[in-house]
file target_21.tsv (TSV, C-alpha atoms)
chain	number	residue	atom	x	y	z
G	1	MET	CA	84.84	92.41	147.78
G	2	ALA	CA	82.73	91.91	144.66
G	3	ASN	CA	80.23	94.53	143.57
G	4	ILE	CA	76.66	93.38	144.15
G	5	VAL	CA	74.97	96.57	142.84
G	6	GLN	CA	76.10	99.13	140.28
G	7	PHE	CA	74.18	102.19	139.08
G	8	GLU	CA	75.74	103.83	136.03
G	9	ASN	CA	74.39	107.25	134.94
G	10	VAL	CA	70.92	106.27	136.10
G	11	GLY	CA	67.97	108.60	135.67
G	12	LEU	CA	64.33	108.10	136.67
G	13	ARG	CA	61.36	110.08	135.48
G	14	TYR	CA	57.70	109.56	136.34
G	15	GLY	CA	55.52	110.54	133.39
G	16	ALA	CA	56.43	113.71	131.53
G	17	GLY	CA	57.73	115.64	134.53
G	18	ALA	CA	61.28	116.47	135.57
G	19	GLU	CA	63.62	113.66	136.54
G	20	THR	CA	63.21	112.39	140.09
G	21	LEU	CA	66.72	110.92	140.00
G	22	SER	CA	69.51	112.23	137.78
G	23	ASP	CA	72.95	110.83	136.89
G	24	VAL	CA	73.10	108.41	139.80
G	25	ASN	CA	76.42	106.55	139.94
G	26	LEU	CA	76.70	104.19	142.85
G	27	THR	CA	78.47	100.97	143.75
G	28	LEU	CA	77.52	98.68	146.64
G	29	THR	CA	79.86	95.85	147.58
G	30	SER	CA	78.75	92.42	148.68
G	31	GLY	CA	78.49	92.32	152.47
G	32	GLY	CA	78.47	96.11	152.90
G	33	PHE	CA	76.25	98.07	155.28
G	34	TYR	CA	74.87	101.39	153.98
G	35	PHE	CA	72.72	104.16	155.41
G	36	LEU	CA	70.77	106.11	152.79
G	37	THR	CA	70.02	109.64	154.02
G	38	GLY	CA	68.61	112.87	152.67
G	39	PRO	CA	65.70	115.26	153.20
G	40	SER	CA	62.09	114.32	152.47
G	41	GLY	CA	61.43	114.32	148.74
G	42	ALA	CA	65.11	113.86	147.89
G	43	GLY	CA	64.49	110.61	146.03
G	44	LYS	CA	65.40	107.97	148.64
G	45	THR	CA	62.31	105.83	148.12
G	46	SER	CA	62.65	106.08	144.34
G	47	LEU	CA	66.25	104.89	144.61
G	48	LEU	CA	65.16	101.95	146.72
G	49	LYS	CA	62.44	101.04	144.21
G	50	LEU	CA	65.08	100.80	141.51
G	51	LEU	CA	67.20	98.67	143.81
G	52	TYR	CA	64.51	96.09	144.53
G	53	LEU	CA	63.23	96.09	140.92
G	54	ALA	CA	59.84	97.68	141.57
G	55	GLN	CA	60.76	100.37	139.04
G	56	ARG	CA	62.93	100.40	135.93
G	57	PRO	CA	65.20	103.36	135.20
G	58	THR	CA	64.35	105.82	132.46
G	59	ARG	CA	68.00	105.79	131.42
G	60	GLY	CA	71.31	104.34	132.50
G	61	ILE	CA	72.30	100.87	133.61
G	62	ILE	CA	71.59	99.00	136.85
G	63	ARG	CA	73.57	95.82	137.47
G	64	LEU	CA	72.44	93.43	140.20
G	65	PHE	CA	74.34	90.27	141.06
G	66	GLY	CA	76.53	90.89	138.03
G	67	GLU	CA	73.68	91.12	135.51
G	68	ASP	CA	72.04	94.03	133.69
G	69	ALA	CA	68.70	94.26	135.49
G	70	GLY	CA	67.18	96.28	132.66
G	71	ARG	CA	67.60	93.36	130.26
G	72	LEU	CA	66.24	90.64	132.49
G	73	PRO	CA	63.33	88.78	130.91
G	74	ARG	CA	60.11	89.10	132.87
G	75	ALA	CA	60.17	85.39	133.73
G	76	ARG	CA	63.41	85.83	135.72
G	77	LEU	CA	62.28	88.82	137.79
G	78	PRO	CA	60.54	86.81	140.56
G	79	GLY	CA	63.71	84.80	141.16
G	80	PHE	CA	65.80	87.96	141.37
G	81	ARG	CA	63.34	89.61	143.74
G	82	ARG	CA	63.47	86.63	146.11
G	83	ARG	CA	67.15	87.41	146.59
G	84	ILE	CA	66.22	90.87	147.93
G	85	GLY	CA	64.41	91.40	151.23
G	86	VAL	CA	62.36	94.59	151.48
G	87	VAL	CA	60.97	96.44	154.50
G	88	PHE	CA	58.36	98.82	153.10
G	89	GLN	CA	57.50	102.11	154.76
G	90	ASP	CA	53.80	101.17	154.65
G	91	PHE	CA	54.47	97.58	155.85
G	92	ARG	CA	52.38	95.78	153.16
G	93	LEU	CA	51.36	92.94	155.43
G	94	VAL	CA	48.66	90.52	154.26
G	95	PRO	CA	45.69	91.61	156.43
G	96	HIS	CA	43.93	88.23	156.72
G	97	LEU	CA	47.09	86.35	157.73
G	98	SER	CA	48.33	86.01	161.30
G	99	THR	CA	51.65	87.41	162.47
G	100	TYR	CA	53.11	83.91	162.19
G	101	ASP	CA	51.83	83.39	158.65
G	102	ASN	CA	52.97	86.82	157.45
G	103	ILE	CA	56.49	86.09	158.64
G	104	ALA	CA	56.42	82.56	157.18
G	105	LEU	CA	55.18	83.74	153.78
G	106	PRO	CA	58.59	84.17	152.05
G	107	LEU	CA	59.66	80.68	153.12
G	108	ARG	CA	56.44	79.14	151.83
G	109	VAL	CA	56.76	80.97	148.52
G	110	SER	CA	60.30	79.58	148.23
G	111	GLY	CA	59.03	76.04	148.76
G	112	VAL	CA	60.34	75.44	152.30
G	113	SER	CA	58.50	72.56	153.98
G	114	GLU	CA	56.21	73.28	156.93
G	115	THR	CA	58.42	71.21	159.23
G	116	ASP	CA	61.35	73.53	158.47
G	117	ILE	CA	59.37	76.74	158.90
G	118	ALA	CA	58.43	76.67	162.60
G	119	ALA	CA	61.93	77.13	164.06
G	120	PRO	CA	63.01	80.16	162.00
G	121	VAL	CA	59.62	81.85	162.44
G	122	SER	CA	59.80	81.35	166.21
G	123	GLU	CA	63.31	82.78	166.21
G	124	MET	CA	62.15	85.85	164.29
G	125	LEU	CA	59.18	86.34	166.63
G	126	ALA	CA	61.58	86.33	169.59
G	127	TRP	CA	64.02	88.72	167.86
G	128	VAL	CA	61.33	91.34	167.27
G	129	GLY	CA	59.57	90.81	170.60
G	130	LEU	CA	56.28	89.46	169.28
G	131	GLU	CA	56.16	85.99	170.83
G	132	GLY	CA	52.80	86.82	172.42
G	133	ARG	CA	51.22	88.09	169.18
G	134	THR	CA	51.64	84.98	167.03
G	135	GLU	CA	47.97	84.67	166.02
G	136	ALA	CA	47.18	88.40	165.81
G	137	ARG	CA	46.10	89.83	162.45
G	138	PRO	CA	47.69	93.08	161.18
G	139	PRO	CA	44.57	95.24	161.79
G	140	THR	CA	44.82	94.43	165.52
G	141	LEU	CA	48.51	95.34	165.76
G	142	SER	CA	49.93	98.77	166.54
G	143	GLY	CA	52.01	100.57	163.93
G	144	GLY	CA	55.21	99.58	165.72
G	145	GLU	CA	54.15	95.94	165.91
G	146	GLN	CA	53.30	95.91	162.21
G	147	GLN	CA	56.72	97.37	161.48
G	148	ARG	CA	58.38	94.57	163.44
G	149	VAL	CA	56.38	91.91	161.56
G	150	ALA	CA	57.42	93.52	158.26
G	151	ILE	CA	61.07	93.44	159.29
G	152	ALA	CA	60.89	89.81	160.42
G	153	ARG	CA	59.25	88.84	157.12
G	154	ALA	CA	61.95	90.65	155.14
G	155	VAL	CA	64.91	89.01	156.86
G	156	ILE	CA	63.66	85.47	157.53
G	157	GLY	CA	64.93	84.15	154.21
G	158	ARG	CA	68.42	85.62	154.76
G	159	PRO	CA	68.33	87.62	151.54
G	160	GLU	CA	71.50	88.59	149.69
G	161	ILE	CA	70.39	92.23	149.84
G	162	LEU	CA	68.15	93.78	152.49
G	163	VAL	CA	66.50	97.10	151.64
G	164	ALA	CA	64.73	98.89	154.49
G	165	ASP	CA	62.78	102.14	154.07
G	166	GLU	CA	62.65	103.97	157.44
G	167	PRO	CA	62.48	100.67	159.39
G	168	THR	CA	62.67	102.30	162.83
G	169	GLY	CA	60.17	105.07	162.19
G	170	ASN	CA	57.35	103.50	164.23
G	171	VAL	CA	59.21	101.91	167.13
G	172	ASP	CA	60.66	103.23	170.38
G	173	PRO	CA	64.41	103.86	170.75
G	174	ASP	CA	65.06	100.55	172.56
G	175	MET	CA	63.34	98.53	169.82
G	176	ALA	CA	65.09	100.60	167.14
G	177	GLU	CA	68.41	99.60	168.71
G	178	ARG	CA	67.33	95.96	168.82
G	179	LEU	CA	66.26	95.96	165.19
G	180	LEU	CA	69.51	97.60	164.14
G	181	HIS	CA	71.38	94.79	165.89
G	182	LEU	CA	69.26	92.32	163.91
G	183	PHE	CA	70.29	94.03	160.67
G	184	GLU	CA	73.91	94.02	161.79
G	185	SER	CA	73.76	90.29	162.62
G	186	LEU	CA	72.31	89.58	159.19
G	187	ASN	CA	75.03	91.73	157.63
G	188	ARG	CA	77.74	89.75	159.45
G	189	LEU	CA	76.33	86.62	157.80
G	190	GLY	CA	77.01	88.24	154.43
G	191	THR	CA	73.84	90.13	153.53
G	192	THR	CA	74.31	93.57	151.98
G	193	VAL	CA	72.14	96.00	153.98
G	194	VAL	CA	70.75	99.35	152.79
G	195	VAL	CA	68.76	101.33	155.38
G	196	ALA	CA	67.02	104.57	154.43
G	197	THR	CA	66.60	106.67	157.55
G	198	HIS	CA	65.99	110.17	158.89
G	199	ASP	CA	67.25	109.07	162.32
G	200	PHE	CA	70.76	110.46	162.54
G	201	HIS	CA	71.18	108.82	165.95
G	202	LEU	CA	71.43	105.49	164.14
G	203	LEU	CA	74.21	106.51	161.78
G	204	GLY	CA	77.06	106.04	164.24
G	205	ARG	CA	75.81	102.72	165.65
G	206	ILE	CA	77.41	100.60	162.92
G	207	PRO	CA	81.06	101.73	162.77
G	208	ARG	CA	81.81	100.08	159.44
G	209	ALA	CA	78.65	101.41	157.74
G	210	GLN	CA	78.94	103.86	154.85
G	211	MET	CA	76.62	106.81	154.33
G	212	ILE	CA	74.92	107.45	151.00
G	213	ARG	CA	73.35	110.89	150.82
G	214	ILE	CA	70.92	112.07	148.19
G	215	GLU	CA	69.59	115.58	147.67
G	216	GLN	CA	67.20	116.73	144.95
G	217	GLY	CA	67.62	113.45	143.12
G	218	ARG	CA	71.42	113.55	142.98
G	219	MET	CA	74.10	111.74	144.92
G	220	ILE	CA	76.06	113.79	147.44
G	221	ASP	CA	79.36	112.63	148.92
G	222	PRO	CA	80.06	114.78	151.98
G	223	THR	CA	82.36	112.28	153.73
G	224	GLY	CA	84.31	110.81	150.85
G	225	SER	CA	83.05	107.36	151.84
G	226	LEU	CA	81.20	106.65	148.61
G	227	ARG	CA	82.92	104.91	145.76
G	228	PHE	CA	81.62	105.61	142.29
G	229	PRO	CA	82.04	103.29	139.33
G	230	PRO	CA	83.73	104.65	136.22
G	231	ARG	CA	81.46	106.04	133.54
G	232	THR	CA	80.95	103.81	130.55
G	233	ASN	CA	79.86	104.37	126.99
G	234	ALA	CA	77.13	101.76	127.30
call {"tool": "encode", "arguments": {"input": "target_21.tsv", "output": "structure tokens"}}
result
Amino acid sequence: MANIVQFENVGLRYGAGAETLSDVNLTLTSGGFYFLTGPSGAGKTSLLKLLYLAQRPTRGIIRLFGEDAGRLPRARLPGFRRRIGVVFQDFRLVPHLSTYDNIALPLRVSGVSETDIAAPVSEMLAWVGLEGRTEARPPTLSGGEQQRVAIARAVIGRPEILVADEPTGNVDPDMAERLLHLFESLNRLGTTVVVATHDFHLLGRIPRAQMIRIEQGRMIDPTGSLRFPPRTNA
């Protein structure tokens, strides 16, 4: 399979402090399923930010969809980001929009007509068990319900890459299992899935999934499942 993401000797530093990420070499293949694990403060969220282009690396090269993301002109970034679905740890729902409208937002931004929006939004509402909360605003939803809206919004456009930061952290075990099946179904359609999680019970639920482990800002390969790209002189 083709490589959809490549990190080559990537480092990330915030301000003048020590590097948060150091010498990250990582390859993700198109259609792969990956669990990103590691202790709190290891750099998981920082790695995800680089992946969905919220942050640029201090050094090294990141290639997405075959292009050097660090050299993309600003005008092309929105188009690249629409190819990546993101489930944020803090949800980032639009507070004045209903559950329906939050989930529909990516389709509307992409120019999908209103007549073509209703069916996929209804399908997502059923998948995440929120059929009865269609008109509810985020402030009236529980943390778990907000998490489910955030997940539905991230996957409705069938992104080429799905990045999820602790997506099951605010739901019960049954809903966590259901959401994981949603991610797996999306993955079987060809989406590359990266799930950051502390829940080790999830790790064995997707037999073909690979584990990426990060500790103190560096990649760890305890299982031999990771494949690293060759170093370059670029």
call {"tool": "closest_residue", "arguments": {"input": "target_21.tsv", "among": "G:Ala18, G:Leu36, G:Val86, G:Ile220", "to": "Leu53 of chain G", "atoms": "all atoms listed in the file"}}
result
G:Val86
call {"tool": "atom_distance", "arguments": {"input": "target_21.tsv", "atom1": "atom CA of Val155 of chain G", "atom2": "atom CA of Val10 of chain G"}}
result
27.7 Å
call {"tool": "residues_around", "arguments": {"input": "target_21.tsv", "residues": "Ser98 of chain G", "least_positions_apart": "5", "cutoff": "9 Å", "atoms": "only C-alpha atoms", "output": "ChimeraX atom specification"}}
result
/G:103,133-138
call {"tool": "residues_around", "arguments": {"input": "target_21.tsv", "residues": "Gly31 of chain G", "least_positions_apart": "5", "cutoff": "12 Å", "atoms": "all atoms listed in the file", "output": "PDB file with C-alpha atoms, keeping the file's coordinate frame"}}
result
ATOM      1  CA  MET G   1      84.840  92.410 147.780  1.00  0.00           C
ATOM      2  CA  ALA G   2      82.730  91.910 144.660  1.00  0.00           C
ATOM      3  CA  ASN G   3      80.230  94.530 143.570  1.00  0.00           C
ATOM      4  CA  ILE G   4      76.660  93.380 144.150  1.00  0.00           C
ATOM      5  CA  VAL G   5      74.970  96.570 142.840  1.00  0.00           C
ATOM      6  CA  PRO G 159      68.330  87.620 151.540  1.00  0.00           C
ATOM      7  CA  GLU G 160      71.500  88.590 149.690  1.00  0.00           C
ATOM      8  CA  ILE G 161      70.390  92.230 149.840  1.00  0.00           C
ATOM      9  CA  LEU G 162      68.150  93.780 152.490  1.00  0.00           C
ATOM     10  CA  PHE G 183      70.290  94.030 160.670  1.00  0.00           C
ATOM     11  CA  GLU G 184      73.910  94.020 161.790  1.00  0.00           C
ATOM     12  CA  SER G 185      73.760  90.290 162.620  1.00  0.00           C
ATOM     13  CA  LEU G 186      72.310  89.580 159.190  1.00  0.00           C
ATOM     14  CA  ASN G 187      75.030  91.730 157.630  1.00  0.00           C
ATOM     15  CA  ARG G 188      77.740  89.750 159.450  1.00  0.00           C
ATOM     16  CA  LEU G 189      76.330  86.620 157.800  1.00  0.00           C
ATOM     17  CA  GLY G 190      77.010  88.240 154.430  1.00  0.00           C
ATOM     18  CA  THR G 191      73.840  90.130 153.530  1.00  0.00           C
ATOM     19  CA  THR G 192      74.310  93.570 151.980  1.00  0.00           C
ATOM     20  CA  VAL G 193      72.140  96.000 153.980  1.00  0.00           C
ATOM     21  CA  VAL G 194      70.750  99.350 152.790  1.00  0.00           C
ATOM     22  CA  ARG G 208      81.810 100.080 159.440  1.00  0.00           C
ATOM     23  CA  ALA G 209      78.650 101.410 157.740  1.00  0.00           C
ATOM     24  CA  GLN G 210      78.940 103.860 154.850  1.00  0.00           C
TER      25      GLN G 210
END
call {"tool": "closest_residue", "arguments": {"input": "target_21.tsv", "among": "G:Gln55, G:Ser46, G:Thr37, G:Gly132", "to": "Ser22 of chain G", "atoms": "only C-alpha atoms"}}
result
G:Ser46
call {"tool": "closest_residue", "arguments": {"input": "target_21.tsv", "among": "G:Thr20, G:Gln89, G:Gln216, G:Ser142", "to": "Ala164 of chain G", "atoms": "all atoms listed in the file"}}
result
G:Gln89
call {"tool": "residues_around", "arguments": {"input": "target_21.tsv", "residues": "segment 57-74 of chain G", "least_positions_apart": "5", "cutoff": "9 Å", "atoms": "only C-alpha atoms", "output": "list in words"}}
result
Asn3, Ile4, Val5, Gln6, Phe7, Glu8, Asn9, Val10, Gly11, Leu12, Arg13, Tyr14, Glu19, Asp23, Val24, Leu50, Leu51, Phe80 and Ala234 of chain G
call {"tool": "atom_distance", "arguments": {"input": "target_21.tsv", "atom1": "atom CA of Ala54 of chain G", "atom2": "atom CA of Gly85 of chain G"}}
result
12.4 Å
call {"tool": "atom_distance", "arguments": {"input": "target_21.tsv", "atom1": "atom CA of Asp174 of chain G", "atom2": "atom CA of Met211 of chain G"}}
result
22.5 Å
call {"tool": "decode", "arguments": {"input": "target_21.tsv", "residues": "segment 139-171 of chain G", "atoms": "N, CA and C atoms", "output": "PDB file, in the first residue's frame"}}
result
ATOM      1  N   PRO G 139     -24.292  22.925  24.994  1.00  0.00           N
ATOM      2  CA  PRO G 139     -24.306  23.150  26.447  1.00  0.00           C
ATOM      3  C   PRO G 139     -25.316  22.282  27.201  1.00  0.00           C
ATOM      4  N   THR G 140     -26.323  21.743  26.495  1.00  0.00           N
ATOM      5  CA  THR G 140     -27.322  20.899  27.154  1.00  0.00           C
ATOM      6  C   THR G 140     -26.984  19.416  27.073  1.00  0.00           C
ATOM      7  N   LEU G 141     -25.895  19.079  26.405  1.00  0.00           N
ATOM      8  CA  LEU G 141     -25.487  17.682  26.255  1.00  0.00           C
ATOM      9  C   LEU G 141     -24.488  17.290  27.331  1.00  0.00           C
ATOM     10  N   SER G 142     -24.491  16.027  27.704  1.00  0.00           N
ATOM     11  CA  SER G 142     -23.475  15.512  28.621  1.00  0.00           C
ATOM     12  C   SER G 142     -22.134  15.435  27.895  1.00  0.00           C
ATOM     13  N   GLY G 143     -21.060  15.216  28.671  1.00  0.00           N
ATOM     14  CA  GLY G 143     -19.744  15.088  28.065  1.00  0.00           C
ATOM     15  C   GLY G 143     -19.685  13.946  27.064  1.00  0.00           C
ATOM     16  N   GLY G 144     -20.313  12.817  27.402  1.00  0.00           N
ATOM     17  CA  GLY G 144     -20.314  11.676  26.498  1.00  0.00           C
ATOM     18  C   GLY G 144     -21.093  11.950  25.229  1.00  0.00           C
ATOM     19  N   GLU G 145     -22.215  12.678  25.361  1.00  0.00           N
ATOM     20  CA  GLU G 145     -23.000  13.030  24.176  1.00  0.00           C
ATOM     21  C   GLU G 145     -22.229  13.996  23.280  1.00  0.00           C
ATOM     22  N   GLN G 146     -21.551  14.962  23.877  1.00  0.00           N
ATOM     23  CA  GLN G 146     -20.741  15.880  23.089  1.00  0.00           C
ATOM     24  C   GLN G 146     -19.626  15.126  22.349  1.00  0.00           C
ATOM     25  N   GLN G 147     -19.044  14.160  23.021  1.00  0.00           N
ATOM     26  CA  GLN G 147     -18.008  13.350  22.380  1.00  0.00           C
ATOM     27  C   GLN G 147     -18.560  12.635  21.152  1.00  0.00           C
ATOM     28  N   ARG G 148     -19.767  12.101  21.269  1.00  0.00           N
ATOM     29  CA  ARG G 148     -20.365  11.372  20.150  1.00  0.00           C
ATOM     30  C   ARG G 148     -20.693  12.308  18.982  1.00  0.00           C
ATOM     31  N   VAL G 149     -21.140  13.531  19.307  1.00  0.00           N
ATOM     32  CA  VAL G 149     -21.385  14.510  18.237  1.00  0.00           C
ATOM     33  C   VAL G 149     -20.069  14.838  17.528  1.00  0.00           C
ATOM     34  N   ALA G 150     -19.005  15.019  18.309  1.00  0.00           N
ATOM     35  CA  ALA G 150     -17.692  15.349  17.730  1.00  0.00           C
ATOM     36  C   ALA G 150     -17.200  14.235  16.811  1.00  0.00           C
ATOM     37  N   ILE G 151     -17.437  12.999  17.209  1.00  0.00           N
ATOM     38  CA  ILE G 151     -17.015  11.864  16.377  1.00  0.00           C
ATOM     39  C   ILE G 151     -17.834  11.807  15.093  1.00  0.00           C
ATOM     40  N   ALA G 152     -19.155  11.985  15.215  1.00  0.00           N
ATOM     41  CA  ALA G 152     -20.004  11.967  14.024  1.00  0.00           C
ATOM     42  C   ALA G 152     -19.601  13.072  13.056  1.00  0.00           C
ATOM     43  N   ARG G 153     -19.302  14.254  13.570  1.00  0.00           N
ATOM     44  CA  ARG G 153     -18.887  15.371  12.714  1.00  0.00           C
ATOM     45  C   ARG G 153     -17.572  15.052  12.005  1.00  0.00           C
ATOM     46  N   ALA G 154     -16.671  14.380  12.696  1.00  0.00           N
ATOM     47  CA  ALA G 154     -15.352  14.089  12.119  1.00  0.00           C
ATOM     48  C   ALA G 154     -15.413  13.055  11.001  1.00  0.00           C
ATOM     49  N   VAL G 155     -16.348  12.124  11.089  1.00  0.00           N
ATOM     50  CA  VAL G 155     -16.351  11.018  10.122  1.00  0.00           C
ATOM     51  C   VAL G 155     -17.375  11.178   9.010  1.00  0.00           C
ATOM     52  N   ILE G 156     -18.281  12.153   9.117  1.00  0.00           N
ATOM     53  CA  ILE G 156     -19.389  12.225   8.157  1.00  0.00           C
ATOM     54  C   ILE G 156     -18.909  12.445   6.725  1.00  0.00           C
ATOM     55  N   GLY G 157     -17.808  13.132   6.551  1.00  0.00           N
ATOM     56  CA  GLY G 157     -17.308  13.391   5.215  1.00  0.00           C
ATOM     57  C   GLY G 157     -16.415  12.299   4.666  1.00  0.00           C
ATOM     58  N   ARG G 158     -16.321  11.165   5.375  1.00  0.00           N
ATOM     59  CA  ARG G 158     -15.447  10.056   4.976  1.00  0.00           C
ATOM     60  C   ARG G 158     -14.047  10.562   4.622  1.00  0.00           C
ATOM     61  N   PRO G 159     -13.354  11.102   5.603  1.00  0.00           N
ATOM     62  CA  PRO G 159     -12.030  11.673   5.335  1.00  0.00           C
ATOM     63  C   PRO G 159     -11.028  10.600   4.935  1.00  0.00           C
ATOM     64  N   GLU G 160      -9.951  11.023   4.294  1.00  0.00           N
ATOM     65  CA  GLU G 160      -8.898  10.080   3.909  1.00  0.00           C
ATOM     66  C   GLU G 160      -8.084   9.656   5.128  1.00  0.00           C
ATOM     67  N   ILE G 161      -7.971  10.555   6.102  1.00  0.00           N
ATOM     68  CA  ILE G 161      -7.315  10.249   7.376  1.00  0.00           C
ATOM     69  C   ILE G 161      -8.256  10.682   8.490  1.00  0.00           C
ATOM     70  N   LEU G 162      -8.447   9.829   9.491  1.00  0.00           N
ATOM     71  CA  LEU G 162      -9.182  10.194  10.690  1.00  0.00           C
ATOM     72  C   LEU G 162      -8.219  10.178  11.866  1.00  0.00           C
ATOM     73  N   VAL G 163      -8.151  11.289  12.582  1.00  0.00           N
ATOM     74  CA  VAL G 163      -7.298  11.432  13.756  1.00  0.00           C
ATOM     75  C   VAL G 163      -8.204  11.634  14.961  1.00  0.00           C
ATOM     76  N   ALA G 164      -8.097  10.774  15.957  1.00  0.00           N
ATOM     77  CA  ALA G 164      -8.977  10.850  17.117  1.00  0.00           C
ATOM     78  C   ALA G 164      -8.151  10.861  18.400  1.00  0.00           C
ATOM     79  N   ASP G 165      -8.314  11.912  19.190  1.00  0.00           N
ATOM     80  CA  ASP G 165      -7.563  12.082  20.434  1.00  0.00           C
ATOM     81  C   ASP G 165      -8.430  11.657  21.608  1.00  0.00           C
ATOM     82  N   GLU G 166      -8.175  10.467  22.158  1.00  0.00           N
ATOM     83  CA  GLU G 166      -8.933   9.898  23.275  1.00  0.00           C
ATOM     84  C   GLU G 166     -10.441   9.916  22.994  1.00  0.00           C
ATOM     85  N   PRO G 167     -10.896   9.327  21.888  1.00  0.00           N
ATOM     86  CA  PRO G 167     -12.303   9.447  21.504  1.00  0.00           C
ATOM     87  C   PRO G 167     -13.275   8.699  22.397  1.00  0.00           C
ATOM     88  N   THR G 168     -12.798   7.765  23.208  1.00  0.00           N
ATOM     89  CA  THR G 168     -13.712   6.998  24.060  1.00  0.00           C
ATOM     90  C   THR G 168     -13.576   7.386  25.527  1.00  0.00           C
ATOM     91  N   GLY G 169     -12.921   8.505  25.795  1.00  0.00           N
ATOM     92  CA  GLY G 169     -12.638   8.885  27.167  1.00  0.00           C
ATOM     93  C   GLY G 169     -13.851   9.304  27.974  1.00  0.00           C
ATOM     94  N   ASN G 170     -14.959   9.684  27.305  1.00  0.00           N
ATOM     95  CA  ASN G 170     -16.126  10.179  28.029  1.00  0.00           C
ATOM     96  C   ASN G 170     -17.380   9.359  27.781  1.00  0.00           C
ATOM     97  N   VAL G 171     -17.202   8.131  27.316  1.00  0.00           N
ATOM     98  CA  VAL G 171     -18.359   7.279  27.048  1.00  0.00           C
ATOM     99  C   VAL G 171     -18.222   5.968  27.802  1.00  0.00           C
TER     100      VAL G 171
END
